[in-house]
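First the structure, in the form of C-alpha cells, and then the observations on it.
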Amino acid sequence: MEKLRAVSVKIPEEVYKEMILRIPEGDRSNFIREAITEKLQKTPKPDKILELEKRLDKMEEEFSEIKRSLADLELLTYGQGKTNPHTFCIDEIDHKIMDYLMHYKGATTPELADYLKTNRWLILNRLRRIQRTSKKQLGKPIVEYYSGEKSGKKRAWWINEELMEI
C-alpha cells in the first residue's frame, strides 16, 4: 500500500453537514480520498496538455502546407474539374496569349504574333508547351489546335472552355 499523507481541508459548513448526513464516520477519509483521485483523473496533466498543444500546432502547420500545395495546383481555389488557365503560364508572354485566347476563345498563331509583336514560332512553341503541361496535369489540354474551320477561323488554337473557370 502506498504511503498516505495527511491533508487538511476547509470546506463550507453546508458541504460538511451534507457529508456527515450521507457518509458514515469511518468511511469519510476514504470518500474524500476517492473524490480527490476521481477529480484528478478528470483533470489533464500540464505536460500532457503541452504535448497535445505541440501535436496540434504540428498538425496545423502540416494542414497549412497541404492547403498551400493545393492552392499552388489551383485545386483549392477552383472547382473540381475546373482550372485557372494562367496556371500553365510561365511568363508575361504566356499570360498575354492566355488572355487573348480567353477573350476571343481562339486564335491563329499569326494573330497572336501580331497582337504580341513577336515571332509566330515563339507563339507556337509556347502554345505547344501549355498544351503539353496542361494535358500532363489535368488529363486534357487547356488549349487545343484544330486544323478545320471553327467560328470563321482555320488552323487555330482554341481554349477548352469546359476546363476553364473564369
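Residues in the C-alpha cells are named by chain (A, B, ... in the order shown) and by number from 1 within that chain; ligands are numbered from 1 in the order shown.
If you count only C-alpha atoms and ignore residues fewer than 5 places along the chain from Pro141 in chain A, what sits within 8 Å of it is Ile130, Gln131, Arg132, Thr133, Ser134, Lys135, Lys136 and Asn160 of chain A.
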Sel. of alpha helix (DSSP H) residues, range 90-141 of chain A, as a tab-separated table (two decimals) with all heavy atoms, in the first residue's frame:
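Result saved to result04.tsv:
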```tsv
chain	number	residue	atom	x	y	z
A	92	GLU	N	5.19	36.58	-68.88
A	92	GLU	CA	4.21	37.57	-69.36
A	92	GLU	C	3.68	37.23	-70.74
A	92	GLU	O	2.50	37.45	-71.03
A	92	GLU	CB	4.86	38.97	-69.35
A	92	GLU	CG	3.87	40.10	-69.51
A	92	GLU	CD	2.84	40.15	-68.40
A	92	GLU	OE1	3.17	39.84	-67.24
A	92	GLU	OE2	1.67	40.50	-68.70
A	93	ILE	N	4.51	36.68	-71.61
A	93	ILE	CA	4.06	36.31	-72.96
A	93	ILE	C	2.96	35.25	-72.87
A	93	ILE	O	1.92	35.37	-73.52
A	93	ILE	CB	5.25	35.81	-73.83
A	93	ILE	CG1	6.22	36.96	-74.07
A	93	ILE	CG2	4.76	35.22	-75.13
A	93	ILE	CD1	7.52	36.53	-74.74
A	94	ASP	N	3.20	34.23	-72.04
A	94	ASP	CA	2.19	33.19	-71.85
A	94	ASP	C	0.89	33.77	-71.31
A	94	ASP	O	-0.20	33.39	-71.74
A	94	ASP	CB	2.70	32.09	-70.90
A	94	ASP	CG	3.77	31.22	-71.53
A	94	ASP	OD1	4.04	31.38	-72.73
A	94	ASP	OD2	4.31	30.36	-70.81
A	95	HIS	N	1.00	34.67	-70.35
A	95	HIS	CA	-0.20	35.29	-69.77
A	95	HIS	C	-0.97	36.08	-70.83
A	95	HIS	O	-2.21	36.05	-70.87
A	95	HIS	CB	0.16	36.18	-68.59
A	95	HIS	CG	0.51	35.41	-67.35
A	95	HIS	ND1	-0.41	34.72	-66.61
A	95	HIS	CD2	1.71	35.22	-66.75
A	95	HIS	CE1	0.18	34.14	-65.58
A	95	HIS	NE2	1.48	34.42	-65.64
A	96	LYS	N	-0.25	36.79	-71.69
A	96	LYS	CA	-0.92	37.57	-72.75
A	96	LYS	C	-1.58	36.64	-73.76
A	96	LYS	O	-2.69	36.92	-74.23
A	96	LYS	CB	0.09	38.50	-73.44
A	96	LYS	CG	0.48	39.68	-72.58
A	96	LYS	CD	1.48	40.57	-73.29
A	96	LYS	CE	1.87	41.74	-72.42
A	96	LYS	NZ	2.86	42.60	-73.06
A	97	ILE	N	-0.90	35.54	-74.10
A	97	ILE	CA	-1.50	34.55	-75.01
A	97	ILE	C	-2.80	34.01	-74.40
A	97	ILE	O	-3.84	33.94	-75.07
A	97	ILE	CB	-0.52	33.38	-75.28
A	97	ILE	CG1	0.66	33.85	-76.13
A	97	ILE	CG2	-1.23	32.21	-75.96
A	97	ILE	CD1	1.79	32.82	-76.24
A	98	MET	N	-2.75	33.66	-73.14
A	98	MET	CA	-3.92	33.09	-72.47
A	98	MET	C	-5.04	34.13	-72.37
A	98	MET	O	-6.21	33.80	-72.58
A	98	MET	CB	-3.51	32.58	-71.09
A	98	MET	CG	-4.42	31.52	-70.55
A	98	MET	SD	-4.73	30.11	-71.63
A	98	MET	CE	-3.15	29.34	-71.67
A	99	ASP	N	-4.70	35.38	-72.06
A	99	ASP	CA	-5.72	36.44	-72.01
A	99	ASP	C	-6.41	36.60	-73.36
A	99	ASP	O	-7.64	36.73	-73.43
A	99	ASP	CB	-5.09	37.78	-71.59
A	99	ASP	CG	-4.70	37.82	-70.12
A	99	ASP	OD1	-5.29	37.04	-69.33
A	99	ASP	OD2	-3.83	38.63	-69.76
A	100	TYR	N	-5.63	36.59	-74.43
A	100	TYR	CA	-6.19	36.73	-75.77
A	100	TYR	C	-7.12	35.56	-76.08
A	100	TYR	O	-8.23	35.74	-76.57
A	100	TYR	CB	-5.06	36.81	-76.80
A	100	TYR	CG	-5.51	37.20	-78.19
A	100	TYR	CD1	-5.54	38.53	-78.58
A	100	TYR	CD2	-5.92	36.24	-79.11
A	100	TYR	CE1	-5.95	38.90	-79.85
A	100	TYR	CE2	-6.33	36.59	-80.38
A	100	TYR	CZ	-6.36	37.92	-80.75
A	100	TYR	OH	-6.78	38.29	-82.00
A	101	LEU	N	-6.66	34.34	-75.78
A	101	LEU	CA	-7.49	33.16	-76.05
A	101	LEU	C	-8.76	33.15	-75.19
A	101	LEU	O	-9.82	32.74	-75.65
A	101	LEU	CB	-6.69	31.87	-75.80
A	101	LEU	CG	-5.61	31.54	-76.83
A	101	LEU	CD1	-4.82	30.32	-76.38
A	101	LEU	CD2	-6.23	31.30	-78.20
A	102	MET	N	-8.65	33.60	-73.96
A	102	MET	CA	-9.83	33.64	-73.10
A	102	MET	C	-10.83	34.67	-73.62
A	102	MET	O	-12.04	34.45	-73.55
A	102	MET	CB	-9.42	33.96	-71.65
A	102	MET	CG	-8.72	32.79	-70.97
A	102	MET	SD	-7.95	33.22	-69.40
A	102	MET	CE	-9.36	33.69	-68.42
A	103	HIS	N	-10.33	35.79	-74.14
A	103	HIS	CA	-11.22	36.84	-74.63
A	103	HIS	C	-11.88	36.45	-75.95
A	103	HIS	O	-13.08	36.62	-76.14
A	103	HIS	CB	-10.44	38.15	-74.79
A	103	HIS	CG	-11.31	39.30	-75.17
A	103	HIS	ND1	-11.48	39.69	-76.48
A	103	HIS	CD2	-12.08	40.12	-74.41
A	103	HIS	CE1	-12.32	40.71	-76.52
A	103	HIS	NE2	-12.69	41.00	-75.27
A	104	TYR	N	-11.07	35.94	-76.90
A	104	TYR	CA	-11.59	35.63	-78.23
A	104	TYR	C	-11.92	34.14	-78.41
A	104	TYR	O	-12.35	33.75	-79.49
A	104	TYR	CB	-10.57	36.07	-79.30
A	104	TYR	CG	-10.42	37.56	-79.34
A	104	TYR	CD1	-9.30	38.18	-78.80
A	104	TYR	CD2	-11.39	38.37	-79.92
A	104	TYR	CE1	-9.15	39.55	-78.83
A	104	TYR	CE2	-11.25	39.75	-79.96
A	104	TYR	CZ	-10.13	40.33	-79.41
A	104	TYR	OH	-9.98	41.70	-79.44
A	109	THR	N	-1.88	31.37	-84.84
A	109	THR	CA	-0.56	31.83	-84.37
A	109	THR	C	-0.17	33.17	-85.00
A	109	THR	O	0.38	34.02	-84.29
A	109	THR	CB	0.53	30.76	-84.62
A	109	THR	OG1	0.45	30.32	-85.95
A	109	THR	CG2	0.37	29.60	-83.67
A	110	PRO	N	-0.49	33.44	-86.30
A	110	PRO	CA	-0.17	34.77	-86.83
A	110	PRO	C	-0.94	35.89	-86.10
A	110	PRO	O	-0.39	36.97	-85.88
A	110	PRO	CB	-0.57	34.70	-88.30
A	110	PRO	CG	-0.49	33.25	-88.64
A	110	PRO	CD	-0.88	32.54	-87.39
A	111	GLU	N	-2.22	35.64	-85.74
A	111	GLU	CA	-2.99	36.65	-84.99
A	111	GLU	C	-2.32	36.94	-83.65
A	111	GLU	O	-2.18	38.11	-83.27
A	111	GLU	CB	-4.42	36.16	-84.73
A	111	GLU	CG	-5.33	36.16	-85.91
A	111	GLU	CD	-6.69	35.56	-85.60
A	111	GLU	OE1	-6.83	34.80	-84.63
A	111	GLU	OE2	-7.63	35.86	-86.35
A	112	LEU	N	-1.92	35.90	-82.96
A	112	LEU	CA	-1.27	36.09	-81.66
A	112	LEU	C	0.09	36.77	-81.82
A	112	LEU	O	0.46	37.62	-81.00
A	112	LEU	CB	-1.10	34.75	-80.94
A	112	LEU	CG	-2.39	34.15	-80.38
A	112	LEU	CD1	-2.20	32.68	-80.03
A	112	LEU	CD2	-2.85	34.93	-79.17
A	113	ALA	N	0.81	36.42	-82.88
A	113	ALA	CA	2.11	37.05	-83.12
A	113	ALA	C	1.95	38.55	-83.40
A	113	ALA	O	2.74	39.36	-82.90
A	113	ALA	CB	2.82	36.37	-84.29
A	114	ASP	N	0.92	38.92	-84.17
A	114	ASP	CA	0.65	40.35	-84.42
A	114	ASP	C	0.27	41.06	-83.14
A	114	ASP	O	0.72	42.18	-82.87
A	114	ASP	CB	-0.46	40.52	-85.46
A	114	ASP	CG	-0.02	40.15	-86.87
A	114	ASP	OD1	1.20	40.09	-87.12
A	114	ASP	OD2	-0.92	39.90	-87.71
A	115	TYR	N	-0.57	40.43	-82.34
A	115	TYR	CA	-1.04	41.02	-81.09
A	115	TYR	C	0.13	41.25	-80.13
A	115	TYR	O	0.21	42.29	-79.48
A	115	TYR	CB	-2.09	40.11	-80.45
A	115	TYR	CG	-2.51	40.51	-79.06
A	115	TYR	CD1	-3.27	41.66	-78.84
A	115	TYR	CD2	-2.15	39.74	-77.96
A	115	TYR	CE1	-3.66	42.02	-77.57
A	115	TYR	CE2	-2.53	40.10	-76.68
A	115	TYR	CZ	-3.29	41.25	-76.49
A	115	TYR	OH	-3.66	41.60	-75.22
A	116	LEU	N	1.04	40.27	-80.05
A	116	LEU	CA	2.16	40.36	-79.11
A	116	LEU	C	3.42	40.98	-79.72
A	116	LEU	O	4.42	41.14	-79.02
A	116	LEU	CB	2.49	38.96	-78.56
A	116	LEU	CG	1.41	38.32	-77.70
A	116	LEU	CD1	1.74	36.89	-77.40
A	116	LEU	CD2	1.23	39.11	-76.42
A	120	ARG	N	5.89	34.21	-84.76
A	120	ARG	CA	4.81	33.23	-84.63
A	120	ARG	C	5.33	31.88	-84.17
A	120	ARG	O	4.59	31.09	-83.59
A	120	ARG	CB	3.99	33.12	-85.91
A	120	ARG	CG	4.66	32.45	-87.06
A	120	ARG	CD	3.73	32.40	-88.28
A	120	ARG	NE	4.29	31.63	-89.34
A	120	ARG	CZ	4.12	30.31	-89.48
A	120	ARG	NH1	3.39	29.66	-88.62
A	120	ARG	NH2	4.66	29.67	-90.48
A	121	TRP	N	6.62	31.58	-84.42
A	121	TRP	CA	7.20	30.32	-83.96
A	121	TRP	C	7.32	30.30	-82.44
A	121	TRP	O	7.14	29.26	-81.81
A	121	TRP	CB	8.56	30.07	-84.62
A	121	TRP	CG	8.40	29.78	-86.08
A	121	TRP	CD1	8.65	30.61	-87.12
A	121	TRP	CD2	7.90	28.56	-86.65
A	121	TRP	NE1	8.34	30.00	-88.31
A	121	TRP	CE2	7.88	28.74	-88.05
A	121	TRP	CE3	7.47	27.36	-86.12
A	121	TRP	CZ2	7.44	27.75	-88.92
A	121	TRP	CZ3	7.04	26.37	-86.99
A	121	TRP	CH2	7.04	26.57	-88.37
A	122	LEU	N	7.62	31.45	-81.86
A	122	LEU	CA	7.65	31.55	-80.40
A	122	LEU	C	6.27	31.26	-79.83
A	122	LEU	O	6.12	30.51	-78.86
A	122	LEU	CB	8.13	32.95	-79.98
A	122	LEU	CG	8.09	33.21	-78.47
A	122	LEU	CD1	9.24	32.50	-77.78
A	122	LEU	CD2	8.11	34.69	-78.19
A	123	ILE	N	5.25	31.86	-80.47
A	123	ILE	CA	3.86	31.64	-80.04
A	123	ILE	C	3.51	30.16	-80.16
A	123	ILE	O	2.93	29.57	-79.24
A	123	ILE	CB	2.88	32.50	-80.88
A	123	ILE	CG1	3.22	33.99	-80.80
A	123	ILE	CG2	1.45	32.23	-80.49
A	123	ILE	CD1	3.10	34.59	-79.44
A	124	LEU	N	3.85	29.55	-81.27
A	124	LEU	CA	3.55	28.14	-81.50
A	124	LEU	C	4.21	27.26	-80.44
A	124	LEU	O	3.57	26.37	-79.88
A	124	LEU	CB	4.01	27.71	-82.90
A	124	LEU	CG	3.77	26.24	-83.26
A	124	LEU	CD1	2.29	25.93	-83.27
A	124	LEU	CD2	4.41	25.92	-84.59
A	125	ASN	N	5.47	27.52	-80.15
A	125	ASN	CA	6.18	26.74	-79.13
A	125	ASN	C	5.56	26.92	-77.75
A	125	ASN	O	5.44	25.96	-76.98
A	125	ASN	CB	7.66	27.09	-79.10
A	125	ASN	CG	8.38	26.60	-80.33
A	125	ASN	OD1	7.97	25.61	-80.96
A	125	ASN	ND2	9.45	27.29	-80.71
A	126	ARG	N	5.15	28.15	-77.42
A	126	ARG	CA	4.51	28.40	-76.14
A	126	ARG	C	3.18	27.67	-76.03
A	126	ARG	O	2.86	27.07	-75.00
A	126	ARG	CB	4.28	29.91	-75.93
A	126	ARG	CG	5.54	30.74	-75.84
A	126	ARG	CD	6.40	30.31	-74.65
A	126	ARG	NE	7.59	31.11	-74.53
A	126	ARG	CZ	7.73	32.12	-73.68
A	126	ARG	NH1	6.75	32.45	-72.87
A	126	ARG	NH2	8.86	32.79	-73.63
A	127	LEU	N	2.38	27.73	-77.09
A	127	LEU	CA	1.08	27.04	-77.08
A	127	LEU	C	1.25	25.52	-76.95
A	127	LEU	O	0.50	24.87	-76.22
A	127	LEU	CB	0.29	27.38	-78.35
A	127	LEU	CG	-0.30	28.78	-78.38
A	127	LEU	CD1	-0.76	29.14	-79.79
A	127	LEU	CD2	-1.47	28.89	-77.41
A	128	ARG	N	2.24	24.98	-77.63
A	128	ARG	CA	2.51	23.53	-77.53
A	128	ARG	C	2.93	23.15	-76.11
A	128	ARG	O	2.53	22.12	-75.58
A	128	ARG	CB	3.59	23.12	-78.53
A	128	ARG	CG	3.08	23.04	-79.94
A	128	ARG	CD	4.19	22.61	-80.87
A	128	ARG	NE	3.70	22.50	-82.24
A	128	ARG	CZ	4.50	22.48	-83.30
A	128	ARG	NH1	5.81	22.57	-83.16
A	128	ARG	NH2	4.00	22.36	-84.51
A	129	ARG	N	3.77	23.99	-75.49
A	129	ARG	CA	4.21	23.71	-74.12
A	129	ARG	C	3.03	23.79	-73.15
A	129	ARG	O	2.86	22.93	-72.29
A	129	ARG	CB	5.31	24.68	-73.67
A	129	ARG	CG	5.89	24.29	-72.31
A	129	ARG	CD	6.75	25.38	-71.70
A	129	ARG	NE	6.16	26.70	-71.76
A	129	ARG	CZ	5.17	27.12	-70.96
A	129	ARG	NH1	4.63	26.33	-70.09
A	129	ARG	NH2	4.70	28.35	-71.08
A	130	ILE	N	2.18	24.81	-73.31
A	130	ILE	CA	0.98	24.93	-72.46
A	130	ILE	C	0.08	23.72	-72.67
A	130	ILE	O	-0.46	23.16	-71.70
A	130	ILE	CB	0.24	26.26	-72.76
A	130	ILE	CG1	1.06	27.47	-72.28
A	130	ILE	CG2	-1.14	26.26	-72.12
A	130	ILE	CD1	0.55	28.81	-72.75
A	131	GLN	N	-0.07	23.31	-73.92
A	131	GLN	CA	-0.91	22.14	-74.22
A	131	GLN	C	-0.33	20.89	-73.55
A	131	GLN	O	-1.06	20.11	-72.93
A	131	GLN	CB	-0.98	21.94	-75.73
A	131	GLN	CG	-1.83	20.77	-76.16
A	131	GLN	CD	-1.81	20.56	-77.66
A	131	GLN	OE1	-0.78	20.79	-78.30
A	131	GLN	NE2	-2.93	20.14	-78.21
A	132	ARG	N	0.96	20.69	-73.65
A	132	ARG	CA	1.62	19.51	-73.09
A	132	ARG	C	1.51	19.48	-71.56
A	132	ARG	O	1.13	18.47	-70.97
A	132	ARG	CB	3.09	19.53	-73.51
A	132	ARG	CG	3.68	18.21	-73.80
A	132	ARG	CD	5.12	18.25	-74.31
A	132	ARG	NE	5.93	19.41	-73.99
A	132	ARG	CZ	6.24	20.38	-74.86
A	132	ARG	NH1	5.80	20.34	-76.10
A	132	ARG	NH2	6.98	21.40	-74.49
A	133	THR	N	1.85	20.60	-70.91
A	133	THR	CA	1.83	20.62	-69.44
A	133	THR	C	0.41	20.51	-68.90
A	133	THR	O	0.19	19.83	-67.90
A	133	THR	CB	2.50	21.88	-68.88
A	133	THR	OG1	1.86	23.04	-69.41
A	133	THR	CG2	3.98	21.90	-69.17
A	134	SER	N	-0.56	21.14	-69.55
A	134	SER	CA	-1.94	21.04	-69.07
A	134	SER	C	-2.47	19.62	-69.26
A	134	SER	O	-3.20	19.11	-68.41
A	134	SER	CB	-2.84	22.06	-69.77
A	134	SER	OG	-2.92	21.82	-71.14
A	135	LYS	N	-2.09	18.98	-70.36
A	135	LYS	CA	-2.54	17.60	-70.58
A	135	LYS	C	-1.93	16.67	-69.54
A	135	LYS	O	-2.58	15.77	-69.04
A	135	LYS	CB	-2.19	17.13	-71.99
A	135	LYS	CG	-2.77	15.78	-72.32
A	135	LYS	CD	-2.58	15.43	-73.76
A	135	LYS	CE	-3.28	14.12	-74.07
A	135	LYS	NZ	-3.21	13.78	-75.48
A	136	LYS	N	-0.68	16.92	-69.20
A	136	LYS	CA	0.01	16.10	-68.20
A	136	LYS	C	-0.64	16.27	-66.82
A	136	LYS	O	-0.85	15.30	-66.10
A	136	LYS	CB	1.47	16.49	-68.12
A	136	LYS	CG	2.31	15.54	-67.26
A	136	LYS	CD	3.73	16.03	-67.08
A	136	LYS	CE	4.54	15.86	-68.32
A	136	LYS	NZ	5.96	16.24	-68.14
A	137	GLN	N	-1.01	17.51	-66.45
A	137	GLN	CA	-1.56	17.76	-65.12
A	137	GLN	C	-3.06	17.47	-65.03
A	137	GLN	O	-3.53	16.98	-64.01
A	137	GLN	CB	-1.31	19.21	-64.71
A	137	GLN	CG	0.13	19.47	-64.34
A	137	GLN	CD	0.33	20.88	-63.83
A	137	GLN	OE1	-0.60	21.57	-63.46
A	137	GLN	NE2	1.58	21.31	-63.83
A	138	LEU	N	-3.80	17.79	-66.06
A	138	LEU	CA	-5.26	17.67	-66.00
A	138	LEU	C	-5.82	16.44	-66.71
A	138	LEU	O	-6.97	16.09	-66.52
A	138	LEU	CB	-5.92	18.92	-66.60
A	138	LEU	CG	-5.56	20.26	-65.98
A	138	LEU	CD1	-6.17	21.38	-66.78
A	138	LEU	CD2	-6.02	20.32	-64.54
```
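The space between CA of Ile90 in chain A and CA of Tyr146 in chain A spans 23.7 Å.
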**Request:** Write down as an MDAnalysis selection string the residues of range 33-155 of chain A whose backbone DSSP state falls under strand (DSSP E).
**Result:** chainID A and resid 106:107 143:150 153:155
**Message:** Need the shell around range 31-36 of chain A: protein/DNA/RNA residues with any atom at most 12 Å away, counting only C-alpha atoms. Skip same-chain ones fewer than 5 positions apart. Format as number ranges by chain?
**Reply:** A: 4-9, 11, 16, 19-20, 22-26, 41-43
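Straight-line separation from CA of Glu13 in chain A to CA of Ser29 in chain A: 17.3 Å.
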**Message:** For Ser151 in chain A, find every residue with an atom within 12 Å (counting only C-alpha atoms), except residues of its own chain fewer than 5 positions away, and show them as a VMD selection string.
**Reply:** chain A and resid 104 to 108 146 156 to 158
Export C-alpha atoms of the chosen residues as a tab-separated table (two decimals), in the first residue's frame?
```tsv
chain	number	residue	atom	x	y	z
A	104	TYR	CA	-11.59	35.63	-78.23
A	105	LYS	CA	-11.98	31.88	-77.40
A	106	GLY	CA	-9.50	31.03	-80.15
A	107	ALA	CA	-6.77	32.46	-82.38
A	108	THR	CA	-4.29	31.56	-85.06
A	146	TYR	CA	-7.97	22.44	-84.64
A	156	ALA	CA	-6.42	27.92	-84.97
A	157	TRP	CA	-5.78	27.27	-81.29
A	158	TRP	CA	-8.87	27.08	-79.07
```
**Length of the CA of Lys82 in chain A to CA of Glu162 in chain A vector [Å]** = 7.3 Å
